[in-house]
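J.: Structure file upload-v8.txt, compact mmCIF, C-alpha atoms and all ligand atoms, is pasted below:
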# COMPACT_ATOMS: atom_id res chain seq x y z
CA MET S 1 105.00 76.31 110.24
CA PRO S 2 103.59 78.97 107.93
CA GLU S 3 104.80 82.37 109.10
CA LEU S 4 103.64 85.85 108.16
CA PRO S 5 105.31 85.89 104.71
CA GLU S 6 103.78 82.54 103.76
CA VAL S 7 100.37 83.73 104.91
CA GLU S 8 100.75 86.98 102.96
CA VAL S 9 101.93 85.11 99.85
CA THR S 10 98.97 82.75 100.22
CA ARG S 11 96.64 85.74 100.50
CA ARG S 12 97.99 87.38 97.37
CA SER S 13 97.72 84.12 95.43
CA PHE S 14 93.92 84.00 95.62
CA ALA S 15 92.56 87.29 97.03
CA ASP S 16 91.80 88.85 93.66
CA ARG S 17 90.38 85.68 92.20
CA ILE S 18 87.91 84.99 95.00
CA ALA S 19 86.75 88.59 95.49
CA GLY S 20 83.11 88.91 94.44
CA ALA S 21 82.46 85.16 94.58
CA SER S 22 79.27 83.93 96.18
CA ILE S 23 79.39 81.02 98.57
CA LEU S 24 77.60 77.91 97.31
CA ARG S 25 78.40 75.48 100.08
CA VAL S 26 80.74 74.77 103.00
CA GLN S 27 82.17 71.33 103.63
CA MET S 28 83.97 70.44 106.83
CA GLY S 29 86.23 67.44 107.41
CA LYS S 30 87.54 66.41 110.80
CA PRO S 31 87.47 69.01 113.60
CA LEU S 32 90.08 71.74 113.37
CA ARG S 33 91.55 73.63 116.31
CA TRP S 34 88.33 75.56 116.93
CA PRO S 35 84.77 75.01 115.72
CA LEU S 36 83.42 77.08 112.82
CA GLY S 37 81.09 78.99 115.13
CA CYS S 38 78.04 79.03 112.88
CA GLU S 39 75.90 76.63 110.91
CA GLU S 40 77.60 75.72 107.66
CA ALA S 41 74.33 76.40 105.82
CA ALA S 42 74.23 79.94 107.20
CA LEU S 43 77.14 80.93 104.96
CA GLN S 44 75.40 79.81 101.80
CA GLY S 45 74.49 82.72 99.53
CA ARG S 46 76.85 85.21 101.16
CA SER S 47 79.66 86.68 99.09
CA VAL S 48 83.37 87.16 99.62
CA VAL S 49 84.10 90.88 99.41
CA SER S 50 87.87 90.78 100.00
CA VAL S 51 90.67 88.82 101.63
CA THR S 52 92.85 90.75 104.06
CA ARG S 53 95.36 89.68 106.70
CA ARG S 54 95.92 90.44 110.38
CA GLY S 55 99.04 88.77 111.77
CA LYS S 56 98.84 85.19 110.60
CA TYR S 57 95.06 85.28 110.20
CA LEU S 58 93.53 85.53 106.78
CA LEU S 59 90.27 87.44 106.93
CA LEU S 60 87.68 86.50 104.37
CA ASN S 61 85.50 89.55 104.59
CA LEU S 62 81.98 88.58 103.61
CA ASP S 63 79.07 90.84 102.72
CA ARG S 64 77.81 89.85 106.17
CA GLY S 65 80.37 88.64 108.71
CA VAL S 66 83.94 87.46 108.35
CA LEU S 67 85.74 84.12 108.26
CA LEU S 68 89.03 84.09 110.18
CA LEU S 69 91.33 81.47 108.77
CA HIS S 70 94.56 80.30 110.43
CA LEU S 71 96.96 77.80 108.86
CA GLY S 72 98.18 76.49 112.22
CA MET S 73 101.29 74.28 112.09
CA SER S 74 100.81 72.52 108.80
CA GLY S 75 97.96 74.15 106.92
CA SER S 76 97.98 75.25 103.31
CA LEU S 77 95.30 76.60 101.03
CA GLN S 78 94.40 75.80 97.49
CA PHE S 79 91.99 77.82 95.40
CA ASP S 80 90.97 76.81 91.93
CA GLN S 81 87.94 76.23 89.75
CA VAL S 82 88.58 72.50 89.78
CA LEU S 83 90.54 70.74 92.51
CA PRO S 84 91.61 67.11 92.71
CA ALA S 85 89.39 64.77 94.74
CA ARG S 86 89.28 65.65 98.40
CA GLY S 87 91.90 63.87 100.52
CA VAL S 88 91.88 62.73 104.14
CA HIS S 89 93.69 65.88 105.30
CA ASP S 90 91.38 68.37 103.58
CA HIS S 91 89.23 69.62 106.45
CA PHE S 92 87.54 72.73 105.13
CA GLU S 93 86.18 73.62 101.74
CA LEU S 94 84.44 76.79 100.67
CA LEU S 95 82.73 76.13 97.37
CA THR S 96 82.09 79.42 95.59
CA SER S 97 80.95 80.67 92.21
CA ARG S 98 84.60 81.41 91.35
CA GLY S 99 86.12 78.15 92.57
CA THR S 100 86.82 76.11 95.66
CA LEU S 101 88.99 77.24 98.56
CA ARG S 102 90.39 74.20 100.34
CA LEU S 103 92.32 73.98 103.60
CA HIS S 104 94.72 71.06 103.70
CA ASP S 105 95.92 70.54 107.27
CA PRO S 106 97.39 67.16 108.34
CA ARG S 107 98.00 68.21 111.96
CA ARG S 108 94.72 70.14 112.31
CA PHE S 109 96.07 73.04 114.36
CA GLY S 110 94.59 75.33 111.76
CA ALA S 111 91.13 76.83 112.08
CA VAL S 112 88.32 78.58 110.28
CA VAL S 113 86.15 80.65 112.59
CA TYR S 114 83.11 82.71 111.72
CA ALA S 115 82.54 86.06 113.41
CA ASP S 116 79.70 88.53 112.87
CA ALA S 117 82.16 91.41 112.66
CA LEU S 118 85.82 92.19 113.29
CA ASP S 119 84.91 94.03 116.48
CA SER S 120 82.80 91.14 117.78
CA ALA S 121 83.86 89.23 120.90
CA THR S 122 84.69 86.16 118.79
CA ALA S 123 87.11 88.07 116.54
CA ALA S 124 88.54 90.10 119.43
CA LYS S 125 89.43 86.88 121.24
CA LEU S 126 91.63 85.81 118.32
CA LEU S 127 92.95 89.17 117.12
CA GLY S 128 92.83 91.28 120.28
CA GLY S 129 96.35 90.64 121.62
CA LEU S 130 98.19 91.14 118.35
CA GLY S 131 100.94 93.74 118.07
CA VAL S 132 101.46 96.13 115.17
CA GLU S 133 101.84 94.87 111.61
CA PRO S 134 105.55 94.85 110.70
CA LEU S 135 104.95 95.67 107.03
CA GLU S 136 102.62 98.58 107.59
CA GLY S 137 103.11 102.20 108.60
CA GLY S 138 102.33 101.67 112.29
CA PHE S 139 105.62 99.85 112.92
CA ASP S 140 107.85 102.64 114.18
CA PRO S 141 111.46 102.22 115.42
CA LEU S 142 111.13 104.54 118.41
CA ALA S 143 107.87 103.01 119.58
CA PHE S 144 109.47 99.59 119.09
CA HIS S 145 112.39 100.59 121.32
CA ARG S 146 110.06 101.99 123.98
CA ALA S 147 108.06 98.74 124.01
CA LEU S 148 111.24 96.65 124.33
CA GLN S 149 112.34 98.73 127.32
CA LEU S 150 109.47 97.21 129.30
CA ARG S 151 110.48 93.59 128.67
CA ARG S 152 113.05 91.58 130.57
CA SER S 153 112.75 88.38 128.52
CA ALA S 154 115.22 87.41 125.82
CA ILE S 155 114.73 89.51 122.70
CA LYS S 156 113.91 86.50 120.55
CA GLN S 157 111.17 85.40 122.96
CA VAL S 158 109.74 88.90 122.92
CA LEU S 159 109.63 88.89 119.12
CA LEU S 160 107.94 85.48 119.06
CA ALA S 161 105.31 86.57 121.59
CA GLY S 162 103.85 88.79 118.87
CA ASP S 163 102.26 91.36 121.14
CA ILE S 164 104.72 94.14 120.28
CA VAL S 165 105.10 93.34 116.62
CA VAL S 166 103.07 90.56 115.08
CA GLY S 167 104.07 87.72 112.78
CA VAL S 168 107.83 87.52 113.40
CA GLY S 169 107.99 83.77 113.85
CA ASN S 170 110.87 81.46 114.55
CA ILE S 171 112.66 81.57 111.20
CA TYR S 172 112.41 85.29 110.63
CA ALA S 173 113.23 86.19 114.24
CA SER S 174 116.51 84.25 113.94
CA GLU S 175 117.28 85.85 110.59
CA ALA S 176 116.43 89.41 111.67
CA LEU S 177 118.54 89.12 114.83
CA PHE S 178 121.45 87.90 112.73
CA MET S 179 121.08 90.81 110.32
CA ALA S 180 121.00 93.24 113.22
CA GLY S 181 124.00 91.58 114.94
CA ILE S 182 122.05 90.92 118.14
CA ARG S 183 122.40 87.79 120.29
CA PRO S 184 118.93 86.13 120.56
CA THR S 185 119.38 85.64 124.33
CA LEU S 186 119.96 89.34 125.07
CA ARG S 187 117.36 90.82 127.39
CA ALA S 188 114.97 93.00 125.40
CA ASP S 189 115.31 95.94 127.79
CA ARG S 190 119.08 95.98 127.25
CA LEU S 191 118.78 96.98 123.59
CA SER S 192 119.99 100.51 122.96
CA LYS S 193 117.96 102.81 120.74
CA PRO S 194 120.31 102.42 117.74
CA ARG S 195 120.33 98.63 118.08
CA ALA S 196 116.54 98.53 118.37
CA ALA S 197 116.40 100.67 115.22
CA ARG S 198 118.71 98.22 113.43
CA LEU S 199 116.53 95.32 114.52
CA HIS S 200 113.43 97.18 113.38
CA MET S 201 114.98 97.66 109.95
CA ALA S 202 116.14 94.03 109.80
CA ILE S 203 112.62 92.76 110.60
CA VAL S 204 111.12 94.87 107.85
CA GLN S 205 113.82 93.79 105.38
CA VAL S 206 113.71 90.09 106.14
CA LEU S 207 109.91 89.91 105.95
CA THR S 208 109.70 92.05 102.83
CA ARG S 209 112.29 89.89 101.12
CA ALA S 210 110.53 86.69 102.16
CA VAL S 211 107.21 87.90 100.80
CA ALA S 212 108.95 88.92 97.57
CA LEU S 213 110.54 85.50 97.25
CA GLY S 214 107.25 83.76 97.83
CA GLY S 215 107.58 82.53 101.37
CA SER S 216 109.77 79.70 102.51
CA THR S 217 109.77 76.11 101.41
CA LEU S 218 108.99 74.69 104.81
CA ARG S 219 107.48 71.22 104.64
CA ASP S 220 103.84 71.79 104.09
CA PHE S 221 103.77 75.28 102.73
CA SER S 222 102.51 76.04 99.29
CA SER S 223 100.62 79.08 98.15
CA ALA S 224 97.04 78.68 97.03
CA GLU S 225 98.29 78.24 93.47
CA GLY S 226 100.54 75.38 94.55
CA GLN S 227 103.86 77.23 94.04
CA SER S 228 106.53 76.83 96.65
CA GLY S 229 108.56 79.75 97.90
CA TYR S 230 112.29 79.48 98.39
CA PHE S 231 113.33 81.89 101.11
CA GLN S 232 114.79 79.10 103.24
CA LEU S 233 117.44 78.38 100.62
CA ASP S 234 119.29 81.60 101.36
CA ALA S 235 118.78 81.76 105.14
CA PHE S 236 121.83 83.13 106.97
CA VAL S 237 121.46 81.13 110.17
CA TYR S 238 118.08 79.39 110.37
CA GLY S 239 118.49 75.61 110.07
CA ARG S 240 122.24 75.97 109.46
CA ASP S 241 123.74 74.80 112.78
CA GLY S 242 127.29 73.55 112.35
CA ASN S 243 127.61 75.17 108.92
CA PRO S 244 129.95 78.14 108.45
CA CYS S 245 128.39 81.58 108.94
CA ARG S 246 127.93 83.13 105.50
CA VAL S 247 129.59 86.33 106.73
CA CYS S 248 132.51 85.26 108.97
CA GLY S 249 132.84 81.48 108.64
CA THR S 250 132.26 80.67 112.33
CA PRO S 251 130.06 77.55 112.66
CA VAL S 252 126.44 78.56 113.24
CA LYS S 253 125.24 77.62 116.72
CA ALA S 254 121.83 76.18 117.67
CA ILE S 255 120.26 76.50 121.12
CA ARG S 256 116.78 75.93 122.56
CA GLN S 257 114.76 78.90 123.74
CA GLY S 258 111.26 78.23 125.07
CA GLN S 259 111.11 74.86 123.29
CA ARG S 260 112.01 76.44 119.95
CA SER S 261 115.29 76.21 118.09
CA THR S 262 117.31 79.38 117.81
CA PHE S 263 120.23 79.75 115.41
CA PHE S 264 122.92 82.42 115.63
CA CYS S 265 126.58 83.21 114.96
CA THR S 266 128.67 83.70 118.10
CA THR S 267 130.99 86.07 116.22
CA CYS S 268 128.50 88.24 114.31
CA GLN S 269 126.08 88.31 117.26
CA LYS S 270 128.42 88.84 120.22
CA ASN S 271 125.84 90.28 122.61
ZN ZN T 301 129.29 85.22 111.58
Could you render the structure from this file as structure tokens?
T.:
Amino acid sequence: MPELPEVEVTRRSFADRIAGASILRVQMGKPLRWPLGCEEAALQGRSVVSVTRRGKYLLLNLDRGVLLLHLGMSGSLQFDQVLPARGVHDHFELLTSRGTLRLHDPRRFGAVVYADALDSATAAKLLGGLGVEPLEGGFDPLAFHRALQLRRSAIKQVLLAGDIVVGVGNIYASEALFMAGIRPTLRADRLSKPRAARLHMAIVQVLTRAVALGGSTLRDFSSAEGQSGYFQLDAFVYGRDGNPCRVCGTPVKAIRQGQRSTFFCTTCQKN
């Protein structure tokens, strides 16, 4: 599943190239997770001012309105002047004066939704519950600790919920908890201030590094230029159950938490 770094890498791969483009046509394939929310023809003639990101949503800010684009479980974007013929899994295309933006999404959990403005009810429904951005100034270690004090769920579940800090998905939650030496099953409100600060730093580091490396190579991910990232290759624990911990040699353990796999080292993450 594309996580925040993959979405950010995708954004950077086409944001500059599409900025200023005018929309010629919209083509939809099979239904995505949610309907577009406007007539396709209504977008014709509008222009793409910029591409920003909120959590795992890409925001195509238009001269009037905004398109919120989510990659879902298996989505990836391509943007180029000429693309190969459209395939059966290409369910959204934005043809512009600068090229075509295409969403490829075999499982169709992705979505493209039009909203009149970011503060409209439509946008608020999708973006309203999101926590602070981990890679921006608003993510503060003390505020993070205070927020964790109010949660009794396992720390990994709290990270995945995304309402304290957004975009720390399954891979990066496992990796950040390893880096901070915290057991993923520990209750969030049991984290001391110094440990919360270590986790805060680990989240920032792991996401920053992943963005720098170009996102992970998970199945369907490729940036809009078609390059694969390679973060997964040097994961400490994620996907490494049974293999020796890269720090202490103890076999990495895998458990299920809320229907998701969690990986950790029983020695490096004692509690
Ligand atoms: Zn270890």
J.: Collect all residues with atoms no farther than 8 Å from ligand ZN 301 (chain T), counting all atoms listed in the file, and output them as JSON, numbers by chain.
T.: {"S": [244, 245, 246, 247, 248, 249, 250, 251, 252, 265, 266, 267, 268, 269]}
J.: Mind writing the picked residues with C-alpha atoms as an mmCIF file, in the coordinates of the input?
T.:
data_model
loop_
_atom_site.group_PDB
_atom_site.id
_atom_site.type_symbol
_atom_site.label_atom_id
_atom_site.label_comp_id
_atom_site.auth_asym_id
_atom_site.auth_seq_id
_atom_site.Cartn_x
_atom_site.Cartn_y
_atom_site.Cartn_z
ATOM 1 C CA PRO S 244 129.950 78.140 108.450
ATOM 2 C CA CYS S 245 128.390 81.580 108.940
ATOM 3 C CA ARG S 246 127.930 83.130 105.500
ATOM 4 C CA VAL S 247 129.590 86.330 106.730
ATOM 5 C CA CYS S 248 132.510 85.260 108.970
ATOM 6 C CA GLY S 249 132.840 81.480 108.640
ATOM 7 C CA THR S 250 132.260 80.670 112.330
ATOM 8 C CA PRO S 251 130.060 77.550 112.660
ATOM 9 C CA VAL S 252 126.440 78.560 113.240
ATOM 10 C CA CYS S 265 126.580 83.210 114.960
ATOM 11 C CA THR S 266 128.670 83.700 118.100
ATOM 12 C CA THR S 267 130.990 86.070 116.220
ATOM 13 C CA CYS S 268 128.500 88.240 114.310
ATOM 14 C CA GLN S 269 126.080 88.310 117.260
#
J.: Which is closer to Cys38 (chain S) than all the others in S:Phe236, S:Val7, S:Ala85, S:Leu67, using only C-alpha atoms?
T.: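 Between S:Phe236, S:Val7, S:Ala85, S:Leu67, the residue approaching Cys38 (chain S) most closely is S:Leu67.
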J.: Closest to Arg102 (chain S) among S:Leu118, S:Ala180, S:Leu71, S:Ala143, using only C-alpha atoms?
T.: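 Closest candidate: S:Leu71.
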J.: Please identify all polymer residues within 9 Å of region 16-26 of chain S, counting all atoms listed in the file, omitting same-chain residues fewer than 4 positions from it, and present them as number ranges by chain.
T.: S: 11-12, 40-41, 43-51, 79-80, 92-101
J.: Determine, counting only C-alpha atoms, which protein, DNA and RNA residues have an atom within 8 Å of an atom of Arg108 (chain S); residues of the same chain fewer than 4 positions away are not included. Present the result as a list in words.
T.: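 Answer for this query is Pro31, Leu32, Arg33, Gly72, Met73, Ser74 and Gly75 of chain S.
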J.: Ranking S:Thr208, S:Asn61, S:Ser153, S:Ser13 by minimum distance to Glu136 (chain S) and counting only C-alpha atoms, which one comes first?
T.: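 Closest candidate: S:Thr208.
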J.: What does the distance between CA of Ala124 (chain S) and CA of Asp63 (chain S) come to in Å, to one decimal place?
T.: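 Straight-line distance from CA of Ala124 (chain S) to CA of Asp63 (chain S) works out to 19.2 Å.
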J.: Pick from S:Ala147, S:Leu83, S:Leu103, S:Val237: nearest to Asn170 (chain S), with all atoms listed in the file counted?
T.: S:Val237
J.: Name the residues within 9 Å of (118.5, 90.9, 113.3), counting all atoms listed in the file in the file's coordinates, and put them as a VMD selection string.
T.: chain S and resid 172 to 184 198 to 203 206 269
J.: Just checking: using all atoms listed in the file, which residue out of S:Leu62, S:Ala42, S:Leu130, S:Leu191 ends up closest to Asn271 (chain S)?
T.: S:Leu191
J.: Between CA of Ile155 (chain S) and CA of Thr185 (chain S), what distance in Å does the model show, to one decimal?
T.: 6.3 Å
J.: Might I get the box with edges along x, y and z of the file that holds all atoms of region 192-198 of chain S listed there, padded by 6 Å on every side, given as centre and edge lengths in Å to one decimal, as JSON?
T.:
{"center_x": 118.4, "center_y": 100.5, "center_z": 118.2, "size_x": 15.9, "size_y": 16.6, "size_z": 21.5}
